[in-house]
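Worksheet: the structure to be examined is printed underneath.
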Number of protein chains: 2
Amino acid sequence: VTDPTFAVRPIGWIESPIRNRRSAPRQADEGAPPAVLVLAEGVGPAIDGLQVGDQIVVLTWLHVARRDVLTTRPRDHLRAELTGVFATRSPDRPNPIGLHDVRVTAIEGMRIHVSGLEAINGTPVLDIKPVLGPPGER
Amino acid sequence: VTDPTFAVRPIGWIESPIRNRRSAPRQADEGAPPAVLVLAEGVGPAIDGLQVGDQIVVLTWLHVARRDVLTTRPRDHLRAELTGVFATRSPDRPNPIGLHDVRVTAIEGMRIHVSGLEAINGTPVLDIKPVLGPPGER
């Protein structure tokens with residue numbers, strides 16, 4: 001869209017039974033299966049403190065999305081009005097970064113098991129953030 | 001961290017009275033001032049449908065953050081235990097992408113005014129997503 005650009009580097013990848021976009025649910029709470037975040041060895045220290053039961057936001061790079069799409073029909077409803085992608089959750093958008101609210105269900109070394117996540121197998125993971133509680137609990 | 005890398009391109013920039021990291025609150029609900037998302041001309045159609053009052057998630061590139069940091073002391077408490085950055089909201093992390101939950105307060109052409117946002121002036125904006133309601137309302 002404009003310069004400058006910044007380079008994002010995967011910190012890991014999604015392991016999932018979802019093999020392609022066609023079979024991916026639109027959102028996690030629409031039937032997404034559990035997944036595993038398989039993290040790169042180099043980021044090991046960055047998961048210290050992450051615990052089973054934690055609510056986290058996983059950021060992914062939706063690598064099969066189209067980046068040249070600015071308007072879409074929400075949820076592919078043919079009769080929906082054309083809507084700007086910034087007013088929708090379409091994966092097709094200039095910077096196709098996915099946000100996934102999930103719960104950590106198990107941690108095995110660099111494999112972090114999480115609850116339902118709608119990204120397809122092999123999707124790069126960019127970041128993991130804890131969901132924040134209210135100010136007094138930070 | 002690992003190859004491949006992907007190039008993110010700003011869709012706009014943050015206009016804010018916050019001039020440097022030292023004067024930025026840690027989180028939006030810790031005293032952050034209103035801000036303006038100044039969007040690039042090229043993405044105009046992508047904001048069609050965005051409305052005053054909408055709750056949105058703004059994704060930013062925290063351009064002054066350090067990317068070589070894997071552990072930190074949360075909230076700079078000197079006596080806090082060293083914690084992996086993926087278990088904290090520190091801006092210093094391999095891919096310094098900021099998430100900001102804000103409300104749209106006004107739209108003037110390509111200038112989107114939003115409620116409290118803790119990023120500093122000039123921070124690149126990567127994406128805007130609506131906050132989703134429950135499945136039945138999508």
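Identifiers for the structure tokens are assigned positionally: chains receive A, B, ... in sequence, residues are indexed from 1 per chain, and ligands are indexed from 1 in the order shown.
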Practice prompt. Extract, using only C-alpha atoms, all DNA, RNA and protein residues at most 6 Å from stretch 65-79 of chain B, discarding same-chain residues fewer than 4 positions from it, and format them as a PyMOL selection string.
Written response: (chain A and resi 45-46) or (chain B and resi 83-85+91-94)
Considering only C-alpha atoms, extract the chain B residues located within 8 Å of chain A and return them as an mmCIF file with N, CA and C atoms, in the first residue's frame.
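Just written: result-v1.cif:
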```
data_model
loop_
_atom_site.group_PDB
_atom_site.id
_atom_site.type_symbol
_atom_site.label_atom_id
_atom_site.label_comp_id
_atom_site.auth_asym_id
_atom_site.auth_seq_id
_atom_site.Cartn_x
_atom_site.Cartn_y
_atom_site.Cartn_z
ATOM 1 N N VAL B 1 13.295 -14.520 13.157
ATOM 2 C CA VAL B 1 13.513 -15.750 13.908
ATOM 3 C C VAL B 1 13.746 -16.916 12.950
ATOM 4 N N THR B 2 12.849 -17.110 12.004
ATOM 5 C CA THR B 2 13.071 -18.135 10.981
ATOM 6 C C THR B 2 12.549 -17.615 9.661
ATOM 7 N N ASP B 3 13.009 -18.204 8.574
ATOM 8 C CA ASP B 3 12.464 -17.883 7.267
ATOM 9 C C ASP B 3 11.209 -18.689 7.064
ATOM 10 N N PRO B 4 10.308 -18.351 6.141
ATOM 11 C CA PRO B 4 10.328 -17.152 5.324
ATOM 12 C C PRO B 4 9.883 -15.925 6.116
ATOM 13 N N THR B 5 10.074 -14.764 5.525
ATOM 14 C CA THR B 5 9.517 -13.557 6.121
ATOM 15 C C THR B 5 8.415 -13.027 5.208
ATOM 16 N N PHE B 6 7.558 -12.196 5.768
ATOM 17 C CA PHE B 6 6.476 -11.585 4.998
ATOM 18 C C PHE B 6 6.565 -10.073 5.196
ATOM 19 N N ALA B 7 6.214 -9.331 4.166
ATOM 20 C CA ALA B 7 6.326 -7.871 4.247
ATOM 21 C C ALA B 7 4.982 -7.274 4.614
ATOM 22 N N VAL B 8 4.927 -6.570 5.747
ATOM 23 C CA VAL B 8 3.713 -5.816 6.075
ATOM 24 C C VAL B 8 3.907 -4.383 5.604
ATOM 25 N N ARG B 9 2.812 -3.797 5.105
ATOM 26 C CA ARG B 9 2.867 -2.423 4.588
ATOM 27 C C ARG B 9 1.857 -1.594 5.357
ATOM 28 N N PRO B 10 2.279 -0.460 5.901
ATOM 29 C CA PRO B 10 1.335 0.382 6.635
ATOM 30 C C PRO B 10 0.141 0.770 5.762
ATOM 31 N N ILE B 11 -1.040 0.745 6.365
ATOM 32 C CA ILE B 11 -2.228 1.275 5.683
ATOM 33 C C ILE B 11 -2.492 2.700 6.155
ATOM 34 N N ASP B 29 -6.380 1.710 28.792
ATOM 35 C CA ASP B 29 -7.226 2.080 29.917
ATOM 36 C C ASP B 29 -6.403 2.563 31.107
ATOM 37 N N GLU B 30 -5.171 2.929 30.855
ATOM 38 C CA GLU B 30 -4.333 3.524 31.890
ATOM 39 C C GLU B 30 -3.993 4.961 31.499
ATOM 40 N N ALA B 40 -3.898 5.888 4.466
ATOM 41 C CA ALA B 40 -3.338 6.163 3.145
ATOM 42 C C ALA B 40 -4.467 6.239 2.123
ATOM 43 N N GLY B 42 -4.716 5.132 -0.787
ATOM 44 C CA GLY B 42 -4.942 3.896 -1.539
ATOM 45 C C GLY B 42 -5.936 2.929 -0.924
ATOM 46 N N VAL B 43 -6.204 3.045 0.386
ATOM 47 C CA VAL B 43 -7.081 2.058 1.024
ATOM 48 C C VAL B 43 -8.497 2.598 1.248
ATOM 49 N N PRO B 45 -11.481 2.553 -0.209
ATOM 50 C CA PRO B 45 -12.659 1.684 -0.242
ATOM 51 C C PRO B 45 -12.736 0.712 0.939
ATOM 52 N N ALA B 46 -11.601 0.430 1.572
ATOM 53 C CA ALA B 46 -11.583 -0.571 2.647
ATOM 54 C C ALA B 46 -12.269 -0.094 3.921
ATOM 55 N N ILE B 47 -12.566 1.223 4.033
ATOM 56 C CA ILE B 47 -13.258 1.684 5.244
ATOM 57 C C ILE B 47 -14.765 1.833 5.035
ATOM 58 N N ASP B 48 -15.250 1.536 3.821
ATOM 59 C CA ASP B 48 -16.702 1.597 3.588
ATOM 60 C C ASP B 48 -17.426 0.697 4.584
ATOM 61 N N GLY B 49 -18.371 1.249 5.301
ATOM 62 C CA GLY B 49 -19.136 0.443 6.252
ATOM 63 C C GLY B 49 -18.709 0.673 7.687
ATOM 64 N N LEU B 50 -17.530 1.271 7.869
ATOM 65 C CA LEU B 50 -17.072 1.601 9.218
ATOM 66 C C LEU B 50 -17.906 2.784 9.705
ATOM 67 N N LEU B 70 13.492 -11.601 24.312
ATOM 68 C CA LEU B 70 12.636 -12.781 24.489
ATOM 69 C C LEU B 70 12.082 -12.884 25.906
ATOM 70 N N THR B 71 12.762 -12.262 26.883
ATOM 71 C CA THR B 71 12.255 -12.268 28.266
ATOM 72 C C THR B 71 12.345 -10.858 28.824
ATOM 73 N N THR B 83 10.200 -13.023 32.627
ATOM 74 C CA THR B 83 9.061 -13.729 32.043
ATOM 75 C C THR B 83 9.184 -13.676 30.529
ATOM 76 N N GLY B 84 8.795 -14.754 29.864
ATOM 77 C CA GLY B 84 8.818 -14.768 28.407
ATOM 78 C C GLY B 84 7.889 -13.701 27.847
ATOM 79 N N VAL B 85 8.324 -13.049 26.779
ATOM 80 C CA VAL B 85 7.510 -11.946 26.244
ATOM 81 C C VAL B 85 6.138 -12.417 25.752
ATOM 82 N N PHE B 86 6.014 -13.720 25.392
ATOM 83 C CA PHE B 86 4.700 -14.203 24.935
ATOM 84 C C PHE B 86 3.711 -14.347 26.098
ATOM 85 N N ALA B 87 4.211 -14.237 27.330
ATOM 86 C CA ALA B 87 3.321 -14.238 28.499
ATOM 87 C C ALA B 87 3.126 -12.823 29.023
ATOM 88 N N THR B 88 3.584 -11.821 28.274
ATOM 89 C CA THR B 88 3.426 -10.423 28.669
ATOM 90 C C THR B 88 2.912 -9.603 27.481
ATOM 91 N N ARG B 89 2.549 -8.339 27.787
ATOM 92 C CA ARG B 89 2.128 -7.439 26.717
ATOM 93 C C ARG B 89 3.246 -6.453 26.365
ATOM 94 N N PRO B 94 9.523 -10.458 19.188
ATOM 95 C CA PRO B 94 10.055 -10.708 17.835
ATOM 96 C C PRO B 94 9.295 -9.985 16.723
ATOM 97 N N ASN B 95 7.958 -9.992 16.791
ATOM 98 C CA ASN B 95 7.156 -9.238 15.828
ATOM 99 C C ASN B 95 6.318 -8.233 16.611
ATOM 100 N N ILE B 97 3.828 -6.276 17.029
ATOM 101 C CA ILE B 97 2.507 -5.863 16.544
ATOM 102 C C ILE B 97 1.664 -5.478 17.755
ATOM 103 N N LEU B 126 -1.437 -1.222 10.699
ATOM 104 C CA LEU B 126 -1.391 -2.359 9.771
ATOM 105 C C LEU B 126 -2.764 -2.847 9.353
ATOM 106 N N ASP B 127 -3.740 -2.735 10.250
ATOM 107 C CA ASP B 127 -5.052 -3.320 9.948
ATOM 108 C C ASP B 127 -6.077 -2.743 10.919
ATOM 109 N N ILE B 128 -7.333 -2.842 10.522
ATOM 110 C CA ILE B 128 -8.472 -2.466 11.355
ATOM 111 C C ILE B 128 -9.467 -3.604 11.223
ATOM 112 N N LYS B 129 -9.953 -4.097 12.365
ATOM 113 C CA LYS B 129 -10.945 -5.183 12.331
ATOM 114 C C LYS B 129 -12.105 -4.818 13.240
ATOM 115 N N PRO B 130 -13.329 -5.158 12.847
ATOM 116 C CA PRO B 130 -14.447 -4.936 13.766
ATOM 117 C C PRO B 130 -14.393 -5.962 14.897
ATOM 118 N N PRO B 135 -22.186 -15.263 17.508
ATOM 119 C CA PRO B 135 -22.389 -15.870 16.193
ATOM 120 C C PRO B 135 -23.693 -15.478 15.507
#
```
Can you superpose chain A onto chain B by least squares over all C-alpha atoms paired in order and give the moved copy as a CSV table (one decimal) with C-alpha atoms, in the first residue's frame?
```
chain,number,residue,atom,x,y,z
A,1,VAL,CA,13.6,-15.8,13.9
A,2,THR,CA,13.1,-18.2,11.0
A,3,ASP,CA,12.5,-17.9,7.2
A,4,PRO,CA,10.3,-17.1,5.3
A,5,THR,CA,9.5,-13.5,6.1
A,6,PHE,CA,6.5,-11.6,5.0
A,7,ALA,CA,6.3,-7.9,4.2
A,8,VAL,CA,3.7,-5.8,6.1
A,9,ARG,CA,2.9,-2.4,4.6
A,10,PRO,CA,1.3,0.4,6.6
A,11,ILE,CA,-2.2,1.3,5.7
A,12,GLY,CA,-1.8,4.5,7.6
A,13,TRP,CA,-0.3,6.1,10.7
A,14,ILE,CA,-1.3,7.1,14.2
A,15,GLU,CA,-1.6,10.8,15.0
A,16,SER,CA,-1.3,11.3,18.8
A,17,PRO,CA,-0.1,13.7,21.4
A,18,ILE,CA,2.1,10.9,22.8
A,19,ARG,CA,5.6,11.8,21.4
A,20,ASN,CA,7.8,9.0,22.8
A,21,ARG,CA,7.7,5.7,24.5
A,22,ARG,CA,8.6,7.1,27.9
A,23,SER,CA,5.4,9.1,28.0
A,24,ALA,CA,3.1,6.4,26.6
A,25,PRO,CA,0.8,4.7,29.1
A,26,ARG,CA,1.2,0.9,29.3
A,27,GLN,CA,-2.3,0.2,28.2
A,28,ALA,CA,-5.2,2.2,26.7
A,29,ASP,CA,-7.2,2.1,29.9
A,30,GLU,CA,-4.3,3.5,31.9
A,31,GLY,CA,-4.8,7.1,30.7
A,32,ALA,CA,-4.3,7.0,26.9
A,33,PRO,CA,-5.5,10.0,25.0
A,34,PRO,CA,-7.7,9.9,21.9
A,35,ALA,CA,-5.9,9.4,18.6
A,36,VAL,CA,-6.5,9.7,14.9
A,37,LEU,CA,-5.9,6.9,12.4
A,38,VAL,CA,-4.7,8.8,9.3
A,39,LEU,CA,-5.2,6.3,6.5
A,40,ALA,CA,-3.3,6.2,3.1
A,41,GLU,CA,-5.3,7.3,0.1
A,42,GLY,CA,-5.0,3.9,-1.5
A,43,VAL,CA,-7.1,2.1,1.0
A,44,GLY,CA,-10.1,4.4,0.8
A,45,PRO,CA,-12.6,1.7,-0.2
A,46,ALA,CA,-11.6,-0.6,2.6
A,47,ILE,CA,-13.2,1.7,5.2
A,48,ASP,CA,-16.7,1.6,3.6
A,49,GLY,CA,-19.1,0.4,6.2
A,50,LEU,CA,-17.1,1.6,9.2
A,51,GLN,CA,-19.3,3.8,11.4
A,52,VAL,CA,-19.1,6.1,14.4
A,53,GLY,CA,-19.6,4.1,17.5
A,54,ASP,CA,-18.1,0.9,16.2
A,55,GLN,CA,-15.8,-1.0,18.4
A,56,ILE,CA,-12.7,-1.9,16.5
A,57,VAL,CA,-9.3,-3.6,17.0
A,58,VAL,CA,-6.5,-1.5,15.5
A,59,LEU,CA,-3.3,-3.4,14.7
A,60,THR,CA,-0.1,-1.4,14.7
A,61,TRP,CA,3.6,-1.9,14.1
A,62,LEU,CA,5.4,-0.8,17.2
A,63,HIS,CA,8.3,0.7,15.3
A,64,VAL,CA,10.4,1.8,18.3
A,65,ALA,CA,10.2,-1.6,20.0
A,66,ARG,CA,13.2,-4.0,20.3
A,67,ARG,CA,12.8,-7.2,18.4
A,68,ASP,CA,15.7,-9.1,20.0
A,69,VAL,CA,14.0,-9.4,23.4
A,70,LEU,CA,12.6,-12.8,24.5
A,71,THR,CA,12.3,-12.3,28.3
A,72,THR,CA,11.4,-9.2,30.3
A,73,ARG,CA,10.3,-8.1,33.8
A,74,PRO,CA,6.6,-7.4,33.4
A,75,ARG,CA,5.7,-3.7,33.8
A,76,ASP,CA,9.4,-3.0,34.4
A,77,HIS,CA,9.1,-4.0,38.1
A,78,LEU,CA,12.7,-4.6,39.0
A,79,ARG,CA,11.7,-7.3,41.4
A,80,ALA,CA,9.4,-9.1,39.0
A,81,GLU,CA,10.6,-12.5,37.7
A,82,LEU,CA,12.0,-12.6,34.2
A,83,THR,CA,9.1,-13.7,32.0
A,84,GLY,CA,8.8,-14.8,28.4
A,85,VAL,CA,7.5,-11.9,26.2
A,86,PHE,CA,4.7,-14.2,24.9
A,87,ALA,CA,3.3,-14.2,28.5
A,88,THR,CA,3.4,-10.4,28.7
A,89,ARG,CA,2.1,-7.4,26.7
A,90,SER,CA,5.6,-5.9,26.4
A,91,PRO,CA,6.0,-4.0,23.1
A,92,ASP,CA,9.5,-5.6,22.9
A,93,ARG,CA,9.0,-9.0,21.1
A,94,PRO,CA,10.0,-10.7,17.8
A,95,ASN,CA,7.1,-9.2,15.8
A,96,PRO,CA,6.1,-6.0,17.6
A,97,ILE,CA,2.5,-5.9,16.5
A,98,GLY,CA,0.3,-3.8,18.8
A,99,LEU,CA,-3.4,-4.6,19.4
A,100,HIS,CA,-5.6,-1.7,20.4
A,101,ASP,CA,-9.3,-2.0,21.3
A,102,VAL,CA,-10.9,1.3,20.6
A,103,ARG,CA,-14.2,3.0,19.6
A,104,VAL,CA,-14.7,5.1,16.5
A,105,THR,CA,-15.7,8.6,17.7
A,106,ALA,CA,-15.6,10.4,14.3
A,107,ILE,CA,-14.8,9.8,10.6
A,108,GLU,CA,-13.6,12.7,8.5
A,109,GLY,CA,-12.6,11.4,5.1
A,110,MET,CA,-9.5,9.2,5.7
A,111,ARG,CA,-9.1,10.4,9.3
A,112,ILE,CA,-10.7,8.0,11.7
A,113,HIS,CA,-10.9,9.5,15.3
A,114,VAL,CA,-10.7,6.9,18.0
A,115,SER,CA,-10.9,6.7,21.8
A,116,GLY,CA,-7.8,6.2,24.0
A,117,LEU,CA,-4.9,4.5,22.3
A,118,GLU,CA,-1.4,4.2,23.8
A,119,ALA,CA,0.8,4.1,20.7
A,120,ILE,CA,3.1,7.0,20.0
A,121,ASN,CA,2.7,9.6,17.3
A,122,GLY,CA,3.7,8.2,13.9
A,123,THR,CA,3.2,4.5,14.7
A,124,PRO,CA,2.3,2.6,11.5
A,125,VAL,CA,-1.2,1.1,11.3
A,126,LEU,CA,-1.4,-2.4,9.8
A,127,ASP,CA,-5.0,-3.3,9.9
A,128,ILE,CA,-8.5,-2.5,11.3
A,129,LYS,CA,-10.9,-5.2,12.3
A,130,PRO,CA,-14.4,-4.9,13.8
A,131,VAL,CA,-15.0,-6.5,17.2
A,132,LEU,CA,-17.3,-9.4,16.6
A,133,GLY,CA,-20.7,-9.9,18.3
A,134,PRO,CA,-22.0,-13.4,19.1
A,135,PRO,CA,-22.4,-15.9,16.2
A,136,GLY,CA,-26.1,-15.1,15.6
A,137,GLU,CA,-25.4,-11.4,14.9
A,138,ARG,CA,-22.7,-11.8,12.3
```
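Those residues of stretch 16-109 of chain B that DSSP, working from the backbone, places in helix (DSSP H, G or I) are Arg21, Arg22, Ser23, Glu41, Gly42, Val43, Gly44, Pro45, Ala46, Ile47, Pro74, Arg75, Asp76, Val85, Phe86 and Ala87 of chain B.
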Worksheet item: If you run DSSP on the backbone, which residues of chain A are strand (DSSP E), as a ChimeraX atom specification?
Response: /A:6-8,12-15,35-39,55-61,71-72,83-84,97-108,111-114,124-130
Would you mind exporting N, CA and C atoms of the selected residues as a CSV table (one decimal), in the first residue's frame?
```
chain,number,residue,atom,x,y,z
A,6,PHE,N,7.7,-3.5,6.6
A,6,PHE,CA,8.4,-4.2,7.7
A,6,PHE,C,8.4,-5.7,7.5
A,7,ALA,N,9.4,-6.4,7.9
A,7,ALA,CA,9.4,-7.8,7.7
A,7,ALA,C,9.0,-8.6,9.0
A,8,VAL,N,7.9,-9.3,8.9
A,8,VAL,CA,7.5,-10.2,10.0
A,8,VAL,C,8.1,-11.6,9.7
A,12,GLY,N,6.6,-19.6,14.6
A,12,GLY,CA,6.2,-21.0,14.6
A,12,GLY,C,5.1,-21.2,13.6
A,13,TRP,N,4.4,-22.3,13.7
A,13,TRP,CA,3.4,-22.7,12.7
A,13,TRP,C,2.2,-23.4,13.4
A,14,ILE,N,1.1,-23.3,12.7
A,14,ILE,CA,-0.2,-24.0,13.2
A,14,ILE,C,-0.2,-25.4,12.7
A,15,GLU,N,-0.5,-26.3,13.6
A,15,GLU,CA,-0.7,-27.7,13.2
A,15,GLU,C,-2.2,-27.9,13.4
A,35,ALA,N,-6.0,-27.0,18.0
A,35,ALA,CA,-4.8,-26.9,17.1
A,35,ALA,C,-3.6,-26.9,18.0
A,36,VAL,N,-2.4,-27.0,17.4
A,36,VAL,CA,-1.1,-26.9,18.1
A,36,VAL,C,-0.3,-25.8,17.5
A,37,LEU,N,0.2,-25.0,18.4
A,37,LEU,CA,1.2,-24.0,17.9
A,37,LEU,C,2.6,-24.7,18.1
A,38,VAL,N,3.2,-24.9,16.9
A,38,VAL,CA,4.6,-25.6,17.0
A,38,VAL,C,5.6,-24.4,16.8
A,39,LEU,N,6.2,-24.1,17.9
A,39,LEU,CA,7.1,-22.9,17.9
A,39,LEU,C,8.5,-23.3,17.5
A,55,GLN,N,-5.7,-17.7,28.9
A,55,GLN,CA,-6.4,-17.2,27.7
A,55,GLN,C,-5.4,-16.4,26.9
A,56,ILE,N,-5.2,-16.7,25.6
A,56,ILE,CA,-4.2,-15.9,24.9
A,56,ILE,C,-4.8,-15.5,23.5
A,57,VAL,N,-4.1,-14.5,22.9
A,57,VAL,CA,-4.5,-14.1,21.6
A,57,VAL,C,-3.3,-14.5,20.7
A,58,VAL,N,-3.6,-15.4,19.7
A,58,VAL,CA,-2.6,-15.8,18.8
A,58,VAL,C,-2.7,-15.0,17.5
A,59,LEU,N,-1.6,-14.4,17.1
A,59,LEU,CA,-1.6,-13.6,15.8
A,59,LEU,C,-0.9,-14.5,14.7
A,60,THR,N,-1.6,-14.6,13.6
A,60,THR,CA,-1.1,-15.5,12.5
A,60,THR,C,-1.0,-14.7,11.2
A,61,TRP,N,-0.2,-15.2,10.3
A,61,TRP,CA,-0.1,-14.6,9.0
A,61,TRP,C,-1.0,-15.5,8.1
A,71,THR,N,-12.7,-4.5,-0.8
A,71,THR,CA,-14.1,-4.6,-0.5
A,71,THR,C,-14.5,-6.0,-0.7
A,72,THR,N,-15.6,-6.5,0.1
A,72,THR,CA,-16.0,-7.8,0.0
A,72,THR,C,-17.5,-7.9,0.4
A,83,THR,N,-18.7,-4.3,1.2
A,83,THR,CA,-18.3,-3.6,2.4
A,83,THR,C,-16.8,-3.6,2.4
A,84,GLY,N,-16.2,-2.5,3.0
A,84,GLY,CA,-14.8,-2.4,3.1
A,84,GLY,C,-14.2,-3.5,4.0
A,97,ILE,N,-3.4,-10.4,8.7
A,97,ILE,CA,-3.0,-10.9,10.0
A,97,ILE,C,-4.3,-11.4,10.7
A,98,GLY,N,-4.2,-12.7,11.2
A,98,GLY,CA,-5.3,-13.3,11.9
A,98,GLY,C,-5.2,-13.1,13.4
A,99,LEU,N,-6.4,-12.9,14.1
A,99,LEU,CA,-6.4,-12.8,15.5
A,99,LEU,C,-7.2,-14.0,16.0
A,100,HIS,N,-6.7,-14.7,17.0
A,100,HIS,CA,-7.4,-15.9,17.4
A,100,HIS,C,-7.4,-15.9,19.0
A,101,ASP,N,-8.5,-15.8,19.6
A,101,ASP,CA,-8.7,-15.9,21.0
A,101,ASP,C,-8.8,-17.4,21.4
A,102,VAL,N,-7.8,-17.9,22.1
A,102,VAL,CA,-7.9,-19.3,22.4
A,102,VAL,C,-7.4,-19.5,23.9
A,103,ARG,N,-7.6,-20.8,24.3
A,103,ARG,CA,-7.1,-21.1,25.7
A,103,ARG,C,-6.0,-22.2,25.5
A,104,VAL,N,-5.0,-22.1,26.4
A,104,VAL,CA,-3.9,-23.1,26.3
A,104,VAL,C,-4.4,-24.3,27.1
A,105,THR,N,-4.4,-25.5,26.4
A,105,THR,CA,-4.9,-26.7,27.0
A,105,THR,C,-3.8,-27.6,27.4
A,106,ALA,N,-2.6,-27.5,26.8
A,106,ALA,CA,-1.4,-28.3,27.2
A,106,ALA,C,-0.2,-27.7,26.6
A,107,ILE,N,1.0,-27.9,27.3
A,107,ILE,CA,2.2,-27.4,26.8
A,107,ILE,C,3.2,-28.6,26.9
A,108,GLU,N,3.7,-29.0,25.7
A,108,GLU,CA,4.7,-30.1,25.6
A,108,GLU,C,5.9,-29.5,24.9
A,111,ARG,N,5.6,-27.3,21.9
A,111,ARG,CA,4.2,-27.5,21.3
A,111,ARG,C,3.2,-27.0,22.2
A,112,ILE,N,2.5,-26.0,21.8
A,112,ILE,CA,1.4,-25.4,22.7
A,112,ILE,C,0.1,-25.8,22.1
A,113,HIS,N,-0.7,-26.6,22.9
A,113,HIS,CA,-2.0,-27.1,22.4
A,113,HIS,C,-3.0,-26.0,22.9
A,114,VAL,N,-3.9,-25.7,21.9
A,114,VAL,CA,-4.9,-24.7,22.2
A,114,VAL,C,-6.3,-25.1,21.7
A,124,PRO,N,1.6,-19.6,9.3
A,124,PRO,CA,2.6,-19.1,10.2
A,124,PRO,C,2.0,-18.3,11.4
A,125,VAL,N,2.7,-18.5,12.6
A,125,VAL,CA,2.3,-17.8,13.8
A,125,VAL,C,3.3,-16.6,14.0
A,126,LEU,N,2.7,-15.4,14.3
A,126,LEU,CA,3.6,-14.2,14.4
A,126,LEU,C,3.8,-13.8,15.8
A,127,ASP,N,2.8,-14.1,16.7
A,127,ASP,CA,3.0,-13.6,18.1
A,127,ASP,C,1.9,-14.3,18.9
A,128,ILE,N,2.2,-14.3,20.2
A,128,ILE,CA,1.3,-14.8,21.3
A,128,ILE,C,1.2,-13.7,22.3
A,129,LYS,N,0.0,-13.3,22.7
A,129,LYS,CA,-0.1,-12.3,23.8
A,129,LYS,C,-1.1,-12.8,24.8
A,130,PRO,N,-0.9,-12.5,26.1
A,130,PRO,CA,-1.9,-12.9,27.1
A,130,PRO,C,-3.1,-12.0,27.0
```
